[in-house]
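Just below is one structure, and these are the notes that go with it.
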Amino acid sequence: RGLEREKNMTTDWSIWAFRYARSDMPRDFFGGTLVNSNKGRIRNPMVYSLIYGGAAGDEKPILIDTGMTGDWSPSGKTYENVEHPDAILAKVGFVPEDIEDVILTHLHFDHAGNLDRFPNATFHVQRAEYEGWKEVYKLPGRLGNDTEMWPLSSMQKKDLDAVDDLLAVGRVNLLDGDTELAPGAWCRLAFESHTFGCQWVEVQTPDGPYVVAGDCVYWYENIEKMWPPAYVQGNTWNLIKVYRAIRDVVGDETDRIVPGHDPELFERHPVFEVGYHPVAEIHLAANQESRIA
């Protein structure tokens with residue numbers, strides 16, 4: 001990976017992280033049992049990100065996840081003040097039609113909704129993720145169709161159906177492992193960790209690498225303490241391997257990680273407020289002006 005980083009030093013990316021909704025959840029759901037058990041609840045942010053840049057003269061936006069459709073979860077939980085992609089992207093000067101590439105870190109409802117709002121996009125998802133959830137829907141009885149049971153507690157069938165429809169018309173790119181999607185922007189497979197084929201995104205800049213982790217890292221605490229969350233639909237030992245791989249990229253500079261649900265994301269980075277929710281400026285390319293007042 002050292003050669004990859006040296007090769008991509010001429011690329012640059014701006015990175016913004018959006019809170020698009022908030023919920024109310026037990027702390028150990030995210031921070032892990034024992035270390036966060038019996039510590040009450042937390043208003044967690046729902047997050048996705050946009051990177052803009054690449055090779056000089058050929059810059060483009062890449063969206064990383066697409067949020068949830070509507071304002072409720074498969075298990076029936078509701079979310080407050082949900083902002084959808086048109087409102088979110090406008091905060092940094094884009095519209096959904098501008099997006100030609102979307103990286104789906106995984107197919108849980110809060111990361112893979114709204115696909116129909118991006119008419120010009122190709123969606124990049126790991127093959128293991130797609131095929132894994134297709135198998136879950138084949139489970140017998142309620143296990144394969146009831147979202148109040150654990151297997152489908154974070155899935156909306158219409159989201160997977162949307163992937164199927166887009167795949168049929170050539171707008172889904174099934175990845176088989178680590179892939180450089182654009183100069184300096186790598187999809188990294190986290191096989192059988194948070195989910196079947198979750199992925200995180202390594203972003204190279206002249207100032208060093210950043211990681212948009214999706215739910216491979218819920219909270220900074222997970223990777224700083226090497227303590228997985230309570231809710232994992234994969235293998236927690238593999239999640240430890242993912243934490244180590246991400247730390248190999250960022251070292252001790254864990255602020256370079258964009259976690260999936262950590263309120264500290266909006267405390268560790270500069271933010272600006274538009275609408276109901278803040279935007280964190282994680283990194284700005286040299287030609288970008290800060291939106292912080």
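Numbering starts fresh at 1 for the residues of each chain in the structure tokens, the chains themselves are lettered A, B, ... in the order given, and ligands are numbered from 1 as they appear.
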### Query
Got a sec to tell me which of segment 182-255 of chain A DSSP assigns to strand (DSSP E), as a ChimeraX atom specification?
/A:182,185-191,197-203,210-214
Write the residues you've just listed into a file as a PDB file, in the first residue's frame, and include N, CA and C atoms for each of them.
```
ATOM      1  N   ALA A 182     -11.192   5.381  -8.175  1.00  0.00           N
ATOM      2  CA  ALA A 182     -10.703   6.601  -8.822  1.00  0.00           C
ATOM      3  C   ALA A 182      -9.311   6.844  -8.254  1.00  0.00           C
ATOM      4  N   ALA A 185      -8.673   6.830  -4.425  1.00  0.00           N
ATOM      5  CA  ALA A 185      -9.888   6.449  -3.695  1.00  0.00           C
ATOM      6  C   ALA A 185     -10.084   4.942  -3.831  1.00  0.00           C
ATOM      7  N   TRP A 186      -9.829   4.230  -2.740  1.00  0.00           N
ATOM      8  CA  TRP A 186      -9.850   2.773  -2.733  1.00  0.00           C
ATOM      9  C   TRP A 186     -11.024   2.236  -1.924  1.00  0.00           C
ATOM     10  N   CYS A 187     -11.769   1.302  -2.503  1.00  0.00           N
ATOM     11  CA  CYS A 187     -12.738   0.510  -1.749  1.00  0.00           C
ATOM     12  C   CYS A 187     -11.987  -0.675  -1.147  1.00  0.00           C
ATOM     13  N   ARG A 188     -12.108  -0.845   0.164  1.00  0.00           N
ATOM     14  CA  ARG A 188     -11.414  -1.917   0.864  1.00  0.00           C
ATOM     15  C   ARG A 188     -12.440  -2.894   1.446  1.00  0.00           C
ATOM     16  N   LEU A 189     -12.373  -4.134   1.006  1.00  0.00           N
ATOM     17  CA  LEU A 189     -13.308  -5.159   1.477  1.00  0.00           C
ATOM     18  C   LEU A 189     -13.044  -5.491   2.942  1.00  0.00           C
ATOM     19  N   ALA A 190     -14.114  -5.504   3.731  1.00  0.00           N
ATOM     20  CA  ALA A 190     -14.077  -5.940   5.135  1.00  0.00           C
ATOM     21  C   ALA A 190     -14.954  -7.188   5.243  1.00  0.00           C
ATOM     22  N   PHE A 191     -14.457  -8.277   4.707  1.00  0.00           N
ATOM     23  CA  PHE A 191     -15.250  -9.498   4.526  1.00  0.00           C
ATOM     24  C   PHE A 191     -15.721 -10.067   5.864  1.00  0.00           C
ATOM     25  N   GLY A 197     -20.220  -8.421   3.353  1.00  0.00           N
ATOM     26  CA  GLY A 197     -19.178  -7.856   2.502  1.00  0.00           C
ATOM     27  C   GLY A 197     -19.110  -6.353   2.650  1.00  0.00           C
ATOM     28  N   CYS A 198     -19.090  -5.896   3.889  1.00  0.00           N
ATOM     29  CA  CYS A 198     -18.952  -4.463   4.163  1.00  0.00           C
ATOM     30  C   CYS A 198     -17.655  -3.953   3.530  1.00  0.00           C
ATOM     31  N   GLN A 199     -17.595  -2.663   3.249  1.00  0.00           N
ATOM     32  CA  GLN A 199     -16.357  -2.084   2.742  1.00  0.00           C
ATOM     33  C   GLN A 199     -16.150  -0.702   3.347  1.00  0.00           C
ATOM     34  N   TRP A 200     -14.877  -0.310   3.431  1.00  0.00           N
ATOM     35  CA  TRP A 200     -14.525   1.039   3.853  1.00  0.00           C
ATOM     36  C   TRP A 200     -13.725   1.679   2.737  1.00  0.00           C
ATOM     37  N   VAL A 201     -13.584   2.992   2.790  1.00  0.00           N
ATOM     38  CA  VAL A 201     -12.988   3.734   1.687  1.00  0.00           C
ATOM     39  C   VAL A 201     -11.734   4.444   2.185  1.00  0.00           C
ATOM     40  N   GLU A 202     -10.611   4.134   1.558  1.00  0.00           N
ATOM     41  CA  GLU A 202      -9.351   4.814   1.838  1.00  0.00           C
ATOM     42  C   GLU A 202      -9.188   5.945   0.836  1.00  0.00           C
ATOM     43  N   VAL A 203      -8.962   7.139   1.341  1.00  0.00           N
ATOM     44  CA  VAL A 203      -8.869   8.336   0.503  1.00  0.00           C
ATOM     45  C   VAL A 203      -7.493   8.948   0.694  1.00  0.00           C
ATOM     46  N   TYR A 210      -6.991   9.323   4.598  1.00  0.00           N
ATOM     47  CA  TYR A 210      -8.191   9.359   5.420  1.00  0.00           C
ATOM     48  C   TYR A 210      -8.979   8.084   5.158  1.00  0.00           C
ATOM     49  N   VAL A 211      -9.866   7.760   6.077  1.00  0.00           N
ATOM     50  CA  VAL A 211     -10.715   6.582   5.922  1.00  0.00           C
ATOM     51  C   VAL A 211     -12.159   6.963   6.187  1.00  0.00           C
ATOM     52  N   VAL A 212     -13.029   6.711   5.214  1.00  0.00           N
ATOM     53  CA  VAL A 212     -14.476   6.802   5.420  1.00  0.00           C
ATOM     54  C   VAL A 212     -14.927   5.382   5.716  1.00  0.00           C
ATOM     55  N   ALA A 213     -15.276   5.137   6.980  1.00  0.00           N
ATOM     56  CA  ALA A 213     -15.388   3.768   7.470  1.00  0.00           C
ATOM     57  C   ALA A 213     -16.769   3.157   7.327  1.00  0.00           C
ATOM     58  N   GLY A 214     -17.809   3.982   7.026  1.00  0.00           N
ATOM     59  CA  GLY A 214     -19.144   3.409   7.092  1.00  0.00           C
ATOM     60  C   GLY A 214     -19.351   2.799   8.462  1.00  0.00           C
TER      61      GLY A 214
END
```
### Task
Find the residues around Met68 of chain A up to 7 Å (only C-alpha atoms counted), leave out those fewer than 4 positions away in its own chain, and share them as a PyMOL selection string.
chain A and resi 109-114
Any chance you could export the current selection's all heavy atoms as a short mmCIF file (atom, residue, chain, number, x, y, z; two decimals), in the first residue's frame?
```cif
data_model
loop_
_atom_site.label_atom_id
_atom_site.label_comp_id
_atom_site.auth_asym_id
_atom_site.auth_seq_id
_atom_site.Cartn_x
_atom_site.Cartn_y
_atom_site.Cartn_z
N PHE A 109 -30.43 -0.59 5.84
CA PHE A 109 -31.42 0.39 5.41
C PHE A 109 -30.95 1.83 5.53
O PHE A 109 -31.34 2.69 4.73
CB PHE A 109 -32.71 0.22 6.23
CG PHE A 109 -32.64 0.84 7.60
CD1 PHE A 109 -33.24 2.08 7.86
CD2 PHE A 109 -31.97 0.21 8.65
CE1 PHE A 109 -33.18 2.66 9.12
CE2 PHE A 109 -31.91 0.78 9.91
CZ PHE A 109 -32.51 2.01 10.15
N ASP A 110 -30.10 2.13 6.53
CA ASP A 110 -29.70 3.52 6.77
C ASP A 110 -28.50 3.93 5.93
O ASP A 110 -28.02 5.06 6.04
CB ASP A 110 -29.42 3.75 8.25
CG ASP A 110 -28.39 2.78 8.83
OD1 ASP A 110 -28.39 1.61 8.44
OD2 ASP A 110 -27.60 3.20 9.70
N HIS A 111 -28.04 3.04 5.06
CA HIS A 111 -26.90 3.34 4.18
C HIS A 111 -27.23 3.14 2.70
O HIS A 111 -26.47 3.62 1.85
CB HIS A 111 -25.70 2.46 4.54
CG HIS A 111 -25.12 2.78 5.88
ND1 HIS A 111 -24.00 3.56 6.05
CD2 HIS A 111 -25.53 2.44 7.13
CE1 HIS A 111 -23.75 3.69 7.35
NE2 HIS A 111 -24.66 3.02 8.02
N ALA A 112 -28.30 2.44 2.39
CA ALA A 112 -28.54 2.06 0.99
C ALA A 112 -29.96 2.37 0.53
O ALA A 112 -30.48 1.71 -0.37
CB ALA A 112 -28.25 0.57 0.81
N GLY A 113 -30.59 3.40 1.10
CA GLY A 113 -31.89 3.85 0.60
C GLY A 113 -31.72 4.90 -0.49
O GLY A 113 -30.60 5.28 -0.86
N ASN A 114 -32.82 5.35 -1.03
CA ASN A 114 -32.83 6.50 -1.95
C ASN A 114 -32.10 6.27 -3.27
O ASN A 114 -31.73 7.23 -3.95
CB ASN A 114 -32.20 7.74 -1.28
CG ASN A 114 -32.89 8.13 0.00
OD1 ASN A 114 -34.11 8.32 0.01
ND2 ASN A 114 -32.14 8.24 1.07
#
```
### Residues flagged helix (DSSP H, G or I) by DSSP in segment 69-283 of chain A, as a PyMOL selection string
chain A and resi 85-90+96-98+115-117+127-136+141-144+150-152+157-168+220-225+236-250+254-256+265-268
Excluding same-chain residues fewer than 6 positions from segment 87-102 of chain A, what lies within 8 Å of it counting only C-alpha atoms, as a PDB file with all heavy atoms, in the first residue's frame?
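Saved the output as part_1.pdb:
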```pdb
ATOM      1  N   PHE A  18     -21.913  14.093   6.437  1.00  0.00           N
ATOM      2  CA  PHE A  18     -23.225  14.678   6.703  1.00  0.00           C
ATOM      3  C   PHE A  18     -23.954  13.890   7.789  1.00  0.00           C
ATOM      4  O   PHE A  18     -24.048  12.671   7.708  1.00  0.00           O
ATOM      5  CB  PHE A  18     -24.102  14.630   5.445  1.00  0.00           C
ATOM      6  CG  PHE A  18     -23.456  15.166   4.206  1.00  0.00           C
ATOM      7  CD1 PHE A  18     -22.969  14.294   3.236  1.00  0.00           C
ATOM      8  CD2 PHE A  18     -23.321  16.528   3.998  1.00  0.00           C
ATOM      9  CE1 PHE A  18     -22.370  14.766   2.085  1.00  0.00           C
ATOM     10  CE2 PHE A  18     -22.724  17.015   2.845  1.00  0.00           C
ATOM     11  CZ  PHE A  18     -22.245  16.124   1.890  1.00  0.00           C
ATOM     12  N   TYR A  20     -27.558  13.195   8.637  1.00  0.00           N
ATOM     13  CA  TYR A  20     -28.836  13.404   7.946  1.00  0.00           C
ATOM     14  C   TYR A  20     -30.047  13.077   8.818  1.00  0.00           C
ATOM     15  O   TYR A  20     -31.191  13.339   8.432  1.00  0.00           O
ATOM     16  CB  TYR A  20     -28.887  12.583   6.651  1.00  0.00           C
ATOM     17  CG  TYR A  20     -29.043  11.097   6.835  1.00  0.00           C
ATOM     18  CD1 TYR A  20     -30.308  10.523   6.938  1.00  0.00           C
ATOM     19  CD2 TYR A  20     -27.946  10.258   6.886  1.00  0.00           C
ATOM     20  CE1 TYR A  20     -30.457   9.154   7.099  1.00  0.00           C
ATOM     21  CE2 TYR A  20     -28.088   8.891   7.046  1.00  0.00           C
ATOM     22  CZ  TYR A  20     -29.351   8.338   7.149  1.00  0.00           C
ATOM     23  OH  TYR A  20     -29.482   6.989   7.311  1.00  0.00           O
ATOM     24  N   PRO A  61     -17.330  14.214  -8.056  1.00  0.00           N
ATOM     25  CA  PRO A  61     -17.853  13.820  -6.750  1.00  0.00           C
ATOM     26  C   PRO A  61     -18.121  12.317  -6.708  1.00  0.00           C
ATOM     27  O   PRO A  61     -18.540  11.710  -7.697  1.00  0.00           O
ATOM     28  CB  PRO A  61     -19.171  14.601  -6.665  1.00  0.00           C
ATOM     29  CG  PRO A  61     -19.635  14.701  -8.089  1.00  0.00           C
ATOM     30  CD  PRO A  61     -18.374  14.780  -8.935  1.00  0.00           C
ATOM     31  N   ILE A  62     -17.862  11.716  -5.556  1.00  0.00           N
ATOM     32  CA  ILE A  62     -18.236  10.329  -5.291  1.00  0.00           C
ATOM     33  C   ILE A  62     -18.980  10.315  -3.965  1.00  0.00           C
ATOM     34  O   ILE A  62     -18.451  10.770  -2.937  1.00  0.00           O
ATOM     35  CB  ILE A  62     -17.016   9.401  -5.227  1.00  0.00           C
ATOM     36  CG1 ILE A  62     -16.268   9.391  -6.561  1.00  0.00           C
ATOM     37  CG2 ILE A  62     -17.443   7.975  -4.856  1.00  0.00           C
ATOM     38  CD1 ILE A  62     -14.998   8.540  -6.537  1.00  0.00           C
ATOM     39  N   LEU A  63     -20.194   9.804  -3.992  1.00  0.00           N
ATOM     40  CA  LEU A  63     -20.994   9.717  -2.778  1.00  0.00           C
ATOM     41  C   LEU A  63     -20.725   8.376  -2.107  1.00  0.00           C
ATOM     42  O   LEU A  63     -20.627   7.347  -2.780  1.00  0.00           O
ATOM     43  CB  LEU A  63     -22.482   9.848  -3.124  1.00  0.00           C
ATOM     44  CG  LEU A  63     -23.450  10.010  -1.954  1.00  0.00           C
ATOM     45  CD1 LEU A  63     -23.181  11.310  -1.203  1.00  0.00           C
ATOM     46  CD2 LEU A  63     -24.898   9.982  -2.454  1.00  0.00           C
ATOM     47  N   ILE A  64     -20.600   8.399  -0.801  1.00  0.00           N
ATOM     48  CA  ILE A  64     -20.367   7.181  -0.034  1.00  0.00           C
ATOM     49  C   ILE A  64     -21.581   6.967   0.864  1.00  0.00           C
ATOM     50  O   ILE A  64     -21.742   7.625   1.896  1.00  0.00           O
ATOM     51  CB  ILE A  64     -19.070   7.258   0.781  1.00  0.00           C
ATOM     52  CG1 ILE A  64     -17.879   7.568  -0.140  1.00  0.00           C
ATOM     53  CG2 ILE A  64     -18.837   5.950   1.544  1.00  0.00           C
ATOM     54  CD1 ILE A  64     -16.580   7.842   0.596  1.00  0.00           C
ATOM     55  N   ASP A  65     -22.450   6.073   0.413  1.00  0.00           N
ATOM     56  CA  ASP A  65     -23.738   5.741   1.021  1.00  0.00           C
ATOM     57  C   ASP A  65     -24.796   6.798   0.693  1.00  0.00           C
ATOM     58  O   ASP A  65     -24.478   7.911   0.232  1.00  0.00           O
ATOM     59  CB  ASP A  65     -23.626   5.499   2.522  1.00  0.00           C
ATOM     60  CG  ASP A  65     -22.873   4.209   2.832  1.00  0.00           C
ATOM     61  OD1 ASP A  65     -22.887   3.288   1.990  1.00  0.00           O
ATOM     62  OD2 ASP A  65     -22.279   4.119   3.915  1.00  0.00           O
ATOM     63  N   THR A  66     -26.040   6.429   0.927  1.00  0.00           N
ATOM     64  CA  THR A  66     -27.156   7.238   0.441  1.00  0.00           C
ATOM     65  C   THR A  66     -28.258   7.442   1.478  1.00  0.00           C
ATOM     66  O   THR A  66     -29.326   7.948   1.148  1.00  0.00           O
ATOM     67  CB  THR A  66     -27.770   6.580  -0.810  1.00  0.00           C
ATOM     68  OG1 THR A  66     -28.116   5.222  -0.516  1.00  0.00           O
ATOM     69  CG2 THR A  66     -26.802   6.611  -1.986  1.00  0.00           C
ATOM     70  N   ARG A 117     -33.030   8.183  -6.404  1.00  0.00           N
ATOM     71  CA  ARG A 117     -32.824   9.635  -6.470  1.00  0.00           C
ATOM     72  C   ARG A 117     -31.566  10.013  -7.247  1.00  0.00           C
ATOM     73  O   ARG A 117     -31.276  11.196  -7.404  1.00  0.00           O
ATOM     74  CB  ARG A 117     -32.762  10.227  -5.058  1.00  0.00           C
ATOM     75  CG  ARG A 117     -34.076  10.110  -4.289  1.00  0.00           C
ATOM     76  CD  ARG A 117     -33.901  10.589  -2.853  1.00  0.00           C
ATOM     77  NE  ARG A 117     -35.117  10.449  -2.069  1.00  0.00           N
ATOM     78  CZ  ARG A 117     -35.912  11.454  -1.693  1.00  0.00           C
ATOM     79  NH1 ARG A 117     -35.617  12.693  -2.068  1.00  0.00           N
ATOM     80  NH2 ARG A 117     -36.980  11.232  -0.970  1.00  0.00           N
ATOM     81  N   PHE A 118     -30.823   9.009  -7.722  1.00  0.00           N
ATOM     82  CA  PHE A 118     -29.550   9.264  -8.407  1.00  0.00           C
ATOM     83  C   PHE A 118     -29.626   8.683  -9.828  1.00  0.00           C
ATOM     84  O   PHE A 118     -29.109   7.594 -10.091  1.00  0.00           O
ATOM     85  CB  PHE A 118     -28.397   8.647  -7.616  1.00  0.00           C
ATOM     86  CG  PHE A 118     -28.266   9.216  -6.235  1.00  0.00           C
ATOM     87  CD1 PHE A 118     -28.870   8.594  -5.158  1.00  0.00           C
ATOM     88  CD2 PHE A 118     -27.580  10.403  -6.023  1.00  0.00           C
ATOM     89  CE1 PHE A 118     -28.770   9.128  -3.885  1.00  0.00           C
ATOM     90  CE2 PHE A 118     -27.473  10.948  -4.761  1.00  0.00           C
ATOM     91  CZ  PHE A 118     -28.074  10.313  -3.678  1.00  0.00           C
ATOM     92  N   PRO A 119     -30.247   9.414 -10.750  1.00  0.00           N
ATOM     93  CA  PRO A 119     -30.542   8.858 -12.072  1.00  0.00           C
ATOM     94  C   PRO A 119     -29.317   8.598 -12.929  1.00  0.00           C
ATOM     95  O   PRO A 119     -29.394   7.826 -13.894  1.00  0.00           O
ATOM     96  CB  PRO A 119     -31.431   9.927 -12.706  1.00  0.00           C
ATOM     97  CG  PRO A 119     -31.048  11.207 -12.016  1.00  0.00           C
ATOM     98  CD  PRO A 119     -30.758  10.799 -10.605  1.00  0.00           C
ATOM     99  N   ASN A 120     -28.184   9.214 -12.609  1.00  0.00           N
ATOM    100  CA  ASN A 120     -26.992   9.082 -13.451  1.00  0.00           C
ATOM    101  C   ASN A 120     -25.889   8.249 -12.799  1.00  0.00           C
ATOM    102  O   ASN A 120     -24.776   8.182 -13.326  1.00  0.00           O
ATOM    103  CB  ASN A 120     -26.438  10.473 -13.782  1.00  0.00           C
ATOM    104  CG  ASN A 120     -27.468  11.341 -14.487  1.00  0.00           C
ATOM    105  OD1 ASN A 120     -28.183  10.875 -15.357  1.00  0.00           O
ATOM    106  ND2 ASN A 120     -27.557  12.603 -14.095  1.00  0.00           N
ATOM    107  N   ALA A 121     -26.195   7.610 -11.691  1.00  0.00           N
ATOM    108  CA  ALA A 121     -25.155   6.970 -10.900  1.00  0.00           C
ATOM    109  C   ALA A 121     -24.999   5.485 -11.211  1.00  0.00           C
ATOM    110  O   ALA A 121     -25.968   4.783 -11.517  1.00  0.00           O
ATOM    111  CB  ALA A 121     -25.444   7.138  -9.408  1.00  0.00           C
ATOM    112  N   THR A 122     -23.756   5.027 -11.094  1.00  0.00           N
ATOM    113  CA  THR A 122     -23.431   3.614 -10.977  1.00  0.00           C
ATOM    114  C   THR A 122     -23.131   3.341  -9.501  1.00  0.00           C
ATOM    115  O   THR A 122     -22.442   4.128  -8.847  1.00  0.00           O
ATOM    116  CB  THR A 122     -22.214   3.244 -11.834  1.00  0.00           C
ATOM    117  OG1 THR A 122     -22.541   3.446 -13.212  1.00  0.00           O
ATOM    118  CG2 THR A 122     -21.811   1.787 -11.622  1.00  0.00           C
ATOM    119  N   PHE A 123     -23.645   2.228  -8.996  1.00  0.00           N
ATOM    120  CA  PHE A 123     -23.531   1.903  -7.582  1.00  0.00           C
ATOM    121  C   PHE A 123     -22.516   0.776  -7.408  1.00  0.00           C
ATOM    122  O   PHE A 123     -22.620  -0.266  -8.046  1.00  0.00           O
ATOM    123  CB  PHE A 123     -24.899   1.503  -7.016  1.00  0.00           C
ATOM    124  CG  PHE A 123     -25.912   2.599  -7.117  1.00  0.00           C
ATOM    125  CD1 PHE A 123     -26.693   2.738  -8.267  1.00  0.00           C
ATOM    126  CD2 PHE A 123     -26.071   3.522  -6.100  1.00  0.00           C
ATOM    127  CE1 PHE A 123     -27.612   3.765  -8.378  1.00  0.00           C
ATOM    128  CE2 PHE A 123     -26.994   4.554  -6.207  1.00  0.00           C
ATOM    129  CZ  PHE A 123     -27.767   4.680  -7.349  1.00  0.00           C
ATOM    130  N   HIS A 124     -21.545   1.013  -6.533  1.00  0.00           N
ATOM    131  CA  HIS A 124     -20.445   0.075  -6.336  1.00  0.00           C
ATOM    132  C   HIS A 124     -20.605  -0.603  -4.979  1.00  0.00           C
ATOM    133  O   HIS A 124     -20.539   0.053  -3.933  1.00  0.00           O
ATOM    134  CB  HIS A 124     -19.113   0.811  -6.414  1.00  0.00           C
ATOM    135  CG  HIS A 124     -18.951   1.626  -7.669  1.00  0.00           C
ATOM    136  ND1 HIS A 124     -18.469   1.104  -8.847  1.00  0.00           N
ATOM    137  CD2 HIS A 124     -19.251   2.937  -7.935  1.00  0.00           C
ATOM    138  CE1 HIS A 124     -18.446   2.041  -9.784  1.00  0.00           C
ATOM    139  NE2 HIS A 124     -18.913   3.169  -9.247  1.00  0.00           N
ATOM    140  N   VAL A 274     -26.445  23.762   8.230  1.00  0.00           N
ATOM    141  CA  VAL A 274     -27.435  24.115   7.221  1.00  0.00           C
ATOM    142  C   VAL A 274     -28.623  23.195   7.437  1.00  0.00           C
ATOM    143  O   VAL A 274     -28.455  21.973   7.539  1.00  0.00           O
ATOM    144  CB  VAL A 274     -26.898  23.940   5.784  1.00  0.00           C
ATOM    145  CG1 VAL A 274     -27.972  24.308   4.759  1.00  0.00           C
ATOM    146  CG2 VAL A 274     -25.649  24.766   5.560  1.00  0.00           C
ATOM    147  N   VAL A 279     -22.731  19.634   8.926  1.00  0.00           N
ATOM    148  CA  VAL A 279     -21.795  19.009   7.995  1.00  0.00           C
ATOM    149  C   VAL A 279     -20.405  19.146   8.591  1.00  0.00           C
ATOM    150  O   VAL A 279     -20.013  20.229   9.021  1.00  0.00           O
ATOM    151  CB  VAL A 279     -21.835  19.681   6.614  1.00  0.00           C
ATOM    152  CG1 VAL A 279     -20.848  19.010   5.661  1.00  0.00           C
ATOM    153  CG2 VAL A 279     -23.240  19.667   6.036  1.00  0.00           C
TER     154      VAL A 279
END
```
### Message
So that I can check the surroundings of Asn173 of chain A, please list as a PyMOL selection string every protein, DNA and RNA residue that reaches within 12 Å of it, counting only C-alpha atoms and ignoring chain neighbours fewer than 3 positions away.
### Response
chain A and resi 101-104+121-127+130+163-164+166-170+176-177+179+181
Residues just named, written with N, CA and C atoms as a short mmCIF file (atom, residue, chain, number, x, y, z; two decimals), in the first residue's frame:
```
data_model
loop_
_atom_site.label_atom_id
_atom_site.label_comp_id
_atom_site.auth_asym_id
_atom_site.auth_seq_id
_atom_site.Cartn_x
_atom_site.Cartn_y
_atom_site.Cartn_z
N ASP A 101 -21.01 8.22 -9.44
CA ASP A 101 -20.50 7.06 -8.72
C ASP A 101 -20.95 7.12 -7.26
N VAL A 102 -21.54 6.03 -6.81
CA VAL A 102 -21.94 5.88 -5.41
C VAL A 102 -21.30 4.60 -4.88
N ILE A 103 -20.57 4.74 -3.79
CA ILE A 103 -20.04 3.58 -3.09
C ILE A 103 -21.01 3.24 -1.97
N LEU A 104 -21.53 2.03 -1.98
CA LEU A 104 -22.38 1.55 -0.88
C LEU A 104 -21.50 0.72 0.04
N ALA A 121 -26.20 7.61 -11.69
CA ALA A 121 -25.15 6.97 -10.90
C ALA A 121 -25.00 5.49 -11.21
N THR A 122 -23.76 5.03 -11.09
CA THR A 122 -23.43 3.61 -10.98
C THR A 122 -23.13 3.34 -9.50
N PHE A 123 -23.65 2.23 -9.00
CA PHE A 123 -23.53 1.90 -7.58
C PHE A 123 -22.52 0.78 -7.41
N HIS A 124 -21.55 1.01 -6.53
CA HIS A 124 -20.45 0.08 -6.34
C HIS A 124 -20.60 -0.60 -4.98
N VAL A 125 -20.82 -1.91 -4.99
CA VAL A 125 -21.04 -2.68 -3.78
C VAL A 125 -20.25 -3.98 -3.90
N GLN A 126 -19.79 -4.49 -2.79
CA GLN A 126 -19.05 -5.74 -2.82
C GLN A 126 -20.00 -6.91 -3.16
N ARG A 127 -19.52 -7.79 -4.02
CA ARG A 127 -20.32 -8.95 -4.42
C ARG A 127 -20.73 -9.78 -3.19
N TYR A 130 -23.84 -8.22 -1.52
CA TYR A 130 -25.07 -8.44 -2.28
C TYR A 130 -25.52 -9.90 -2.18
N VAL A 163 -31.53 -2.55 -5.85
CA VAL A 163 -30.23 -3.00 -6.33
C VAL A 163 -30.41 -4.02 -7.45
N ASP A 164 -31.35 -4.93 -7.28
CA ASP A 164 -31.63 -5.92 -8.33
C ASP A 164 -32.02 -5.23 -9.64
N LEU A 166 -31.38 -2.19 -10.64
CA LEU A 166 -30.24 -1.45 -11.21
C LEU A 166 -29.18 -2.40 -11.77
N LEU A 167 -29.01 -3.53 -11.13
CA LEU A 167 -28.08 -4.53 -11.64
C LEU A 167 -28.51 -5.02 -13.01
N ALA A 168 -29.82 -5.18 -13.18
CA ALA A 168 -30.35 -5.69 -14.46
C ALA A 168 -30.10 -4.74 -15.61
N VAL A 169 -29.96 -3.46 -15.32
CA VAL A 169 -29.73 -2.48 -16.39
C VAL A 169 -28.28 -1.99 -16.42
N GLY A 170 -27.40 -2.70 -15.73
CA GLY A 170 -25.98 -2.39 -15.80
C GLY A 170 -25.51 -1.23 -14.96
N ASP A 176 -15.11 -7.34 -6.34
CA ASP A 176 -14.54 -8.57 -5.78
C ASP A 176 -13.25 -8.23 -5.04
N GLY A 177 -13.42 -7.58 -3.89
CA GLY A 177 -12.26 -7.23 -3.09
C GLY A 177 -11.81 -5.80 -3.29
N THR A 179 -10.50 -2.39 -4.52
CA THR A 179 -10.61 -1.81 -5.86
C THR A 179 -10.31 -0.32 -5.79
N LEU A 181 -11.27 2.84 -7.16
CA LEU A 181 -12.41 3.33 -7.94
C LEU A 181 -12.06 4.58 -8.72
#
```
### Message
When you look at Phe266 of chain A with a cut-off of 10 Å (counting only C-alpha atoms), what residues show up, excluding the ones that are within fewer than 4 positions of it in the same chain? I need them as a list in words.
### Response
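The neighbour list is Ala17, Phe18, Arg19, Pro45, Val258, Asp262, Pro270, Val271, Phe272, Pro278, Val279, Ala280, Glu281 and Ile282 of chain A.
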### Nearest to Asp12 of chain A, chosen from A:Gly132, A:Pro183, A:Gly53, A:Pro74, with only C-alpha atoms counted in the distances
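Ranked by minimum distance to Asp12 of chain A, first place goes to A:Gly53.
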### Task
Pick out the closest residue to Arg171 of chain A from this set: A:Leu107, A:Met46, A:Val232, A:Leu115. Count only C-alpha atoms.
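Among the listed residues, A:Leu115 lies closest to Arg171 of chain A.
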### Task
Find the spatial neighbours of Gly144 of chain A, counting only C-alpha atoms, within a cut-off of 12 Å - ignore same-chain residues fewer than 6 positions away - and output them as a list in words.
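In the requested form, the answer reads Trp133, Lys134, Glu135, Val136, Tyr137, Lys138, Trp150, Pro151, Leu152, Ser153, Met155, Gln156 and Lys157 of chain A.
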